[in-house]
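Notes follow the structure.
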Amino acid sequence: MPSPHRPHRPYRPYRPLPRRISLPSWLPLDGFILGLVGTVALAALLPVSGGAATVTDGATTVAVAFLFFLYGARLSTREALDGVRHWRLHLTVLACTFVIFPALGLAARGLVPYVLTHPLYTGLLFLCLVPSTVQSSIAFTSIARGNVAAAICAGSFSSLLGVVVTPVLVALLLGGSGGGFSADSMLKIALQLLVPFLAGQLLRRWIGGFLSRHRAVLRLVDRGSVLLVVYAAFSEGMTRGIWHQVTPGRLAVLLGVEAVLLTLMLTLTSYGSRKLGFGREDRITIVFAGSKKSLAAGLPMASVLFGAQASLAVLPLMLFHQMQLMVCAVLARRFAARAPETADASDAAGASDAAARGETGAGAMARPGTDAGGADSPDPALTRV
């Protein structure tokens, strides 16, 4: 008998609420990747030109210089000096980045003109010449329970050497395709990248604490700087009609070539590090640091070295950047699943939590196992191991 204080309600069968559709956690399609796609679309619809282009180029130069200033301010000098002890690991990563990658890029010359056009091959070879990443290498090494301290140093050393080595390799291997490489272009790169980095190192003692307390804001600065460079480069490409040279079929072929390139590098770093006698944690670091290329470092270098052709030159790098995030996200999870049972579970959990929070800079340097954040970082969802 129904209660006098509560109206009778007819029986309704239980119907479960529909599940919310979400992307797979291993798919690193985060806000930054969507921002890259949106920036390219904006440059295609509303390219900047004339006086506005001059202002945009100036703002891009300042933004990139500030970005590398932050990189320098975040890197702990003590950690960098301590990392020199792992000289065999660092030499292996540098050999992968500046020797094996360029060799594979030169071998791809046989694909021109039947598979790749000459402009796309120029971009592919440039991709093979840029330094390794810092942020995503640290994040994936942390997830896979590798040697995070070595990943910090390996990525930092690669970025520093890349300021000098990449322009030299472009001059030697690309010649006239490098957009008129000269001592002046190398000086511009040094002033735009190396000098701000060293200034950040010098001032780290006084501003390191401030940077650690404002990681979220600095992360936006990192990504915003890269998006500004992409917009300026692709706008210039649109105004000059460069994008009419690329067809969907050519893009599909380029993706296939880059997939083969990434597979070769992952295989070589994995089996090569094992043959060289490295331990499990060091092998993980070599795989993730030796198989990647930095979008944040490559974009400003391309804008200086290639000029009006920069938008087409960085297209292979942008595609490879997304591909390496997706593949390495899956690999990092598999490495973590196969981690020895004797590993310290609390350390692994702490590393995953810190990476999920997107810690950057001094805080990440102070506790091994954190993600350094920034433009090359994967989506925090990737760190849910």
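Note on naming: chains are A, B, ... as they come in the structure tokens, residues start from 1 per chain, ligands start from 1 in the order shown.
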Residues at most 9 Å from Pro300 in chain A, counting only C-alpha atoms, excluding those fewer than 2 positions away in the same chain, as a list in words?
Thr60, Thr61, Val64, Ile189, Gln192, Leu193, Val226, Val229, Leu295, Ala296, Ala297, Gly298, Ala302, Ser303, Val304 and Leu305 of chain A
Pick out the residues sitting within 7 Å of range 95-97 of chain A, and hand them over as a ChimeraX atom specification; count only C-alpha atoms, and ignore anything fewer than 4 positions along from it in its own chain.
/A:91,101,131-132,290
Can you list, as a JSON list (two decimals) with N, CA and C atoms, in the first residue's frame, every protein, DNA or RNA residue that comes within 9 Å of range 36-52 of chain A when you count only C-alpha atoms, leaving out same-chain residues fewer than 4 positions away?
```
[["chain", "number", "residue", "atom", "x", "y", "z"],
["A", 31, "GLY", "N", 45.27, 18.89, -26.24],
["A", 31, "GLY", "CA", 44.99, 20.24, -26.69],
["A", 31, "GLY", "C", 46.06, 20.82, -27.57],
["A", 32, "PHE", "N", 47.31, 20.45, -27.32],
["A", 32, "PHE", "CA", 48.40, 21.01, -28.12],
["A", 32, "PHE", "C", 48.35, 20.50, -29.56],
["A", 56, "THR", "N", 54.53, 39.88, -36.99],
["A", 56, "THR", "CA", 54.44, 38.49, -36.55],
["A", 56, "THR", "C", 55.82, 37.84, -36.48],
["A", 57, "ASP", "N", 56.66, 38.11, -37.47],
["A", 57, "ASP", "CA", 58.02, 37.55, -37.45],
["A", 57, "ASP", "C", 58.81, 38.05, -36.25],
["A", 226, "VAL", "N", 55.48, 27.86, -29.81],
["A", 226, "VAL", "CA", 55.54, 26.94, -30.94],
["A", 226, "VAL", "C", 54.40, 27.20, -31.92],
["A", 227, "LEU", "N", 53.20, 27.43, -31.39],
["A", 227, "LEU", "CA", 52.05, 27.70, -32.26],
["A", 227, "LEU", "C", 52.26, 28.98, -33.06],
["A", 228, "LEU", "N", 52.90, 29.98, -32.46],
["A", 228, "LEU", "CA", 53.17, 31.23, -33.17],
["A", 228, "LEU", "C", 54.14, 31.00, -34.32],
["A", 230, "VAL", "N", 54.55, 28.16, -35.93],
["A", 230, "VAL", "CA", 53.82, 27.42, -36.96],
["A", 230, "VAL", "C", 52.94, 28.35, -37.78],
["A", 231, "TYR", "N", 52.25, 29.27, -37.12],
["A", 231, "TYR", "CA", 51.37, 30.19, -37.84],
["A", 231, "TYR", "C", 52.16, 31.08, -38.80],
["A", 232, "ALA", "N", 53.30, 31.60, -38.33],
["A", 232, "ALA", "CA", 54.10, 32.47, -39.19],
["A", 232, "ALA", "C", 54.64, 31.71, -40.40],
["A", 233, "ALA", "N", 55.15, 30.48, -40.18],
["A", 233, "ALA", "CA", 55.72, 29.70, -41.27],
["A", 233, "ALA", "C", 54.66, 29.30, -42.29],
["A", 234, "PHE", "N", 53.52, 28.82, -41.82],
["A", 234, "PHE", "CA", 52.49, 28.36, -42.75],
["A", 234, "PHE", "C", 51.79, 29.53, -43.43],
["A", 235, "SER", "N", 51.72, 30.68, -42.78],
["A", 235, "SER", "CA", 51.15, 31.87, -43.44],
["A", 235, "SER", "C", 52.01, 32.29, -44.62],
["A", 236, "GLU", "N", 53.32, 32.28, -44.42],
["A", 236, "GLU", "CA", 54.22, 32.65, -45.51],
["A", 236, "GLU", "C", 54.12, 31.64, -46.65],
["A", 237, "GLY", "N", 53.97, 30.37, -46.30],
["A", 237, "GLY", "CA", 53.80, 29.36, -47.33],
["A", 237, "GLY", "C", 52.53, 29.56, -48.14],
["A", 238, "MET", "N", 51.45, 29.99, -47.48],
["A", 238, "MET", "CA", 50.19, 30.23, -48.18],
["A", 238, "MET", "C", 50.30, 31.44, -49.10],
["A", 239, "THR", "N", 50.90, 32.52, -48.63],
["A", 239, "THR", "CA", 51.00, 33.72, -49.44],
["A", 239, "THR", "C", 51.88, 33.51, -50.67],
["A", 318, "MET", "N", 56.51, 17.99, -38.41],
["A", 318, "MET", "CA", 55.25, 18.04, -37.67],
["A", 318, "MET", "C", 54.53, 16.69, -37.71]]
```
Selection: 12 Å around Val195 in chain A, only C-alpha atoms, excl. self and same-chain fewer than 4 positions, as a PyMOL selection string
chain A and resi 64-72+160+163+187-191+199-202
Go ahead and write the selection's residues with N, CA and C atoms as a PDB file, in the first residue's frame.
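After the write, result31.pdb holds the following:
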```pdb
ATOM      1  N   VAL A  64      60.395  32.696 -29.329  1.00  0.00           N
ATOM      2  CA  VAL A  64      61.311  31.552 -29.353  1.00  0.00           C
ATOM      3  C   VAL A  64      62.502  31.799 -28.439  1.00  0.00           C
ATOM      4  N   ALA A  65      63.031  33.021 -28.444  1.00  0.00           N
ATOM      5  CA  ALA A  65      64.146  33.340 -27.549  1.00  0.00           C
ATOM      6  C   ALA A  65      63.729  33.165 -26.085  1.00  0.00           C
ATOM      7  N   PHE A  66      62.524  33.608 -25.753  1.00  0.00           N
ATOM      8  CA  PHE A  66      62.033  33.451 -24.386  1.00  0.00           C
ATOM      9  C   PHE A  66      61.820  31.979 -24.044  1.00  0.00           C
ATOM     10  N   LEU A  67      61.374  31.201 -25.034  1.00  0.00           N
ATOM     11  CA  LEU A  67      61.182  29.769 -24.821  1.00  0.00           C
ATOM     12  C   LEU A  67      62.493  29.093 -24.436  1.00  0.00           C
ATOM     13  N   PHE A  68      63.566  29.390 -25.142  1.00  0.00           N
ATOM     14  CA  PHE A  68      64.845  28.767 -24.823  1.00  0.00           C
ATOM     15  C   PHE A  68      65.459  29.364 -23.557  1.00  0.00           C
ATOM     16  N   PHE A  69      65.105  30.590 -23.227  1.00  0.00           N
ATOM     17  CA  PHE A  69      65.511  31.131 -21.932  1.00  0.00           C
ATOM     18  C   PHE A  69      64.908  30.310 -20.800  1.00  0.00           C
ATOM     19  N   LEU A  70      63.643  29.943 -20.959  1.00  0.00           N
ATOM     20  CA  LEU A  70      62.982  29.114 -19.945  1.00  0.00           C
ATOM     21  C   LEU A  70      63.611  27.727 -19.883  1.00  0.00           C
ATOM     22  N   TYR A  71      63.971  27.167 -21.040  1.00  0.00           N
ATOM     23  CA  TYR A  71      64.646  25.867 -21.037  1.00  0.00           C
ATOM     24  C   TYR A  71      65.929  25.929 -20.220  1.00  0.00           C
ATOM     25  N   GLY A  72      66.708  26.993 -20.438  1.00  0.00           N
ATOM     26  CA  GLY A  72      67.956  27.134 -19.696  1.00  0.00           C
ATOM     27  C   GLY A  72      67.727  27.337 -18.214  1.00  0.00           C
ATOM     28  N   LEU A 160      71.481  21.358 -26.923  1.00  0.00           N
ATOM     29  CA  LEU A 160      72.589  22.316 -26.952  1.00  0.00           C
ATOM     30  C   LEU A 160      73.479  22.098 -28.168  1.00  0.00           C
ATOM     31  N   VAL A 163      72.081  23.235 -31.667  1.00  0.00           N
ATOM     32  CA  VAL A 163      72.153  24.636 -32.079  1.00  0.00           C
ATOM     33  C   VAL A 163      73.307  24.846 -33.044  1.00  0.00           C
ATOM     34  N   LEU A 187      74.775  32.595 -36.920  1.00  0.00           N
ATOM     35  CA  LEU A 187      74.804  33.598 -35.858  1.00  0.00           C
ATOM     36  C   LEU A 187      73.397  33.913 -35.377  1.00  0.00           C
ATOM     37  N   LYS A 188      72.435  33.977 -36.305  1.00  0.00           N
ATOM     38  CA  LYS A 188      71.050  34.238 -35.912  1.00  0.00           C
ATOM     39  C   LYS A 188      70.521  33.132 -35.010  1.00  0.00           C
ATOM     40  N   ILE A 189      70.841  31.877 -35.373  1.00  0.00           N
ATOM     41  CA  ILE A 189      70.383  30.752 -34.558  1.00  0.00           C
ATOM     42  C   ILE A 189      71.010  30.803 -33.174  1.00  0.00           C
ATOM     43  N   ALA A 190      72.301  31.134 -33.123  1.00  0.00           N
ATOM     44  CA  ALA A 190      72.971  31.206 -31.820  1.00  0.00           C
ATOM     45  C   ALA A 190      72.368  32.310 -30.958  1.00  0.00           C
ATOM     46  N   LEU A 191      72.078  33.462 -31.567  1.00  0.00           N
ATOM     47  CA  LEU A 191      71.499  34.570 -30.807  1.00  0.00           C
ATOM     48  C   LEU A 191      70.068  34.266 -30.375  1.00  0.00           C
ATOM     49  N   ALA A 199      71.660  32.444 -20.855  1.00  0.00           N
ATOM     50  CA  ALA A 199      71.181  33.473 -19.931  1.00  0.00           C
ATOM     51  C   ALA A 199      70.255  32.868 -18.880  1.00  0.00           C
ATOM     52  N   GLY A 200      69.411  31.928 -19.295  1.00  0.00           N
ATOM     53  CA  GLY A 200      68.548  31.248 -18.337  1.00  0.00           C
ATOM     54  C   GLY A 200      69.342  30.464 -17.316  1.00  0.00           C
ATOM     55  N   GLN A 201      70.420  29.818 -17.778  1.00  0.00           N
ATOM     56  CA  GLN A 201      71.277  29.082 -16.852  1.00  0.00           C
ATOM     57  C   GLN A 201      71.908  30.006 -15.818  1.00  0.00           C
ATOM     58  N   LEU A 202      72.362  31.166 -16.261  1.00  0.00           N
ATOM     59  CA  LEU A 202      73.011  32.112 -15.349  1.00  0.00           C
ATOM     60  C   LEU A 202      72.032  32.667 -14.315  1.00  0.00           C
TER      61      LEU A 202
END
```
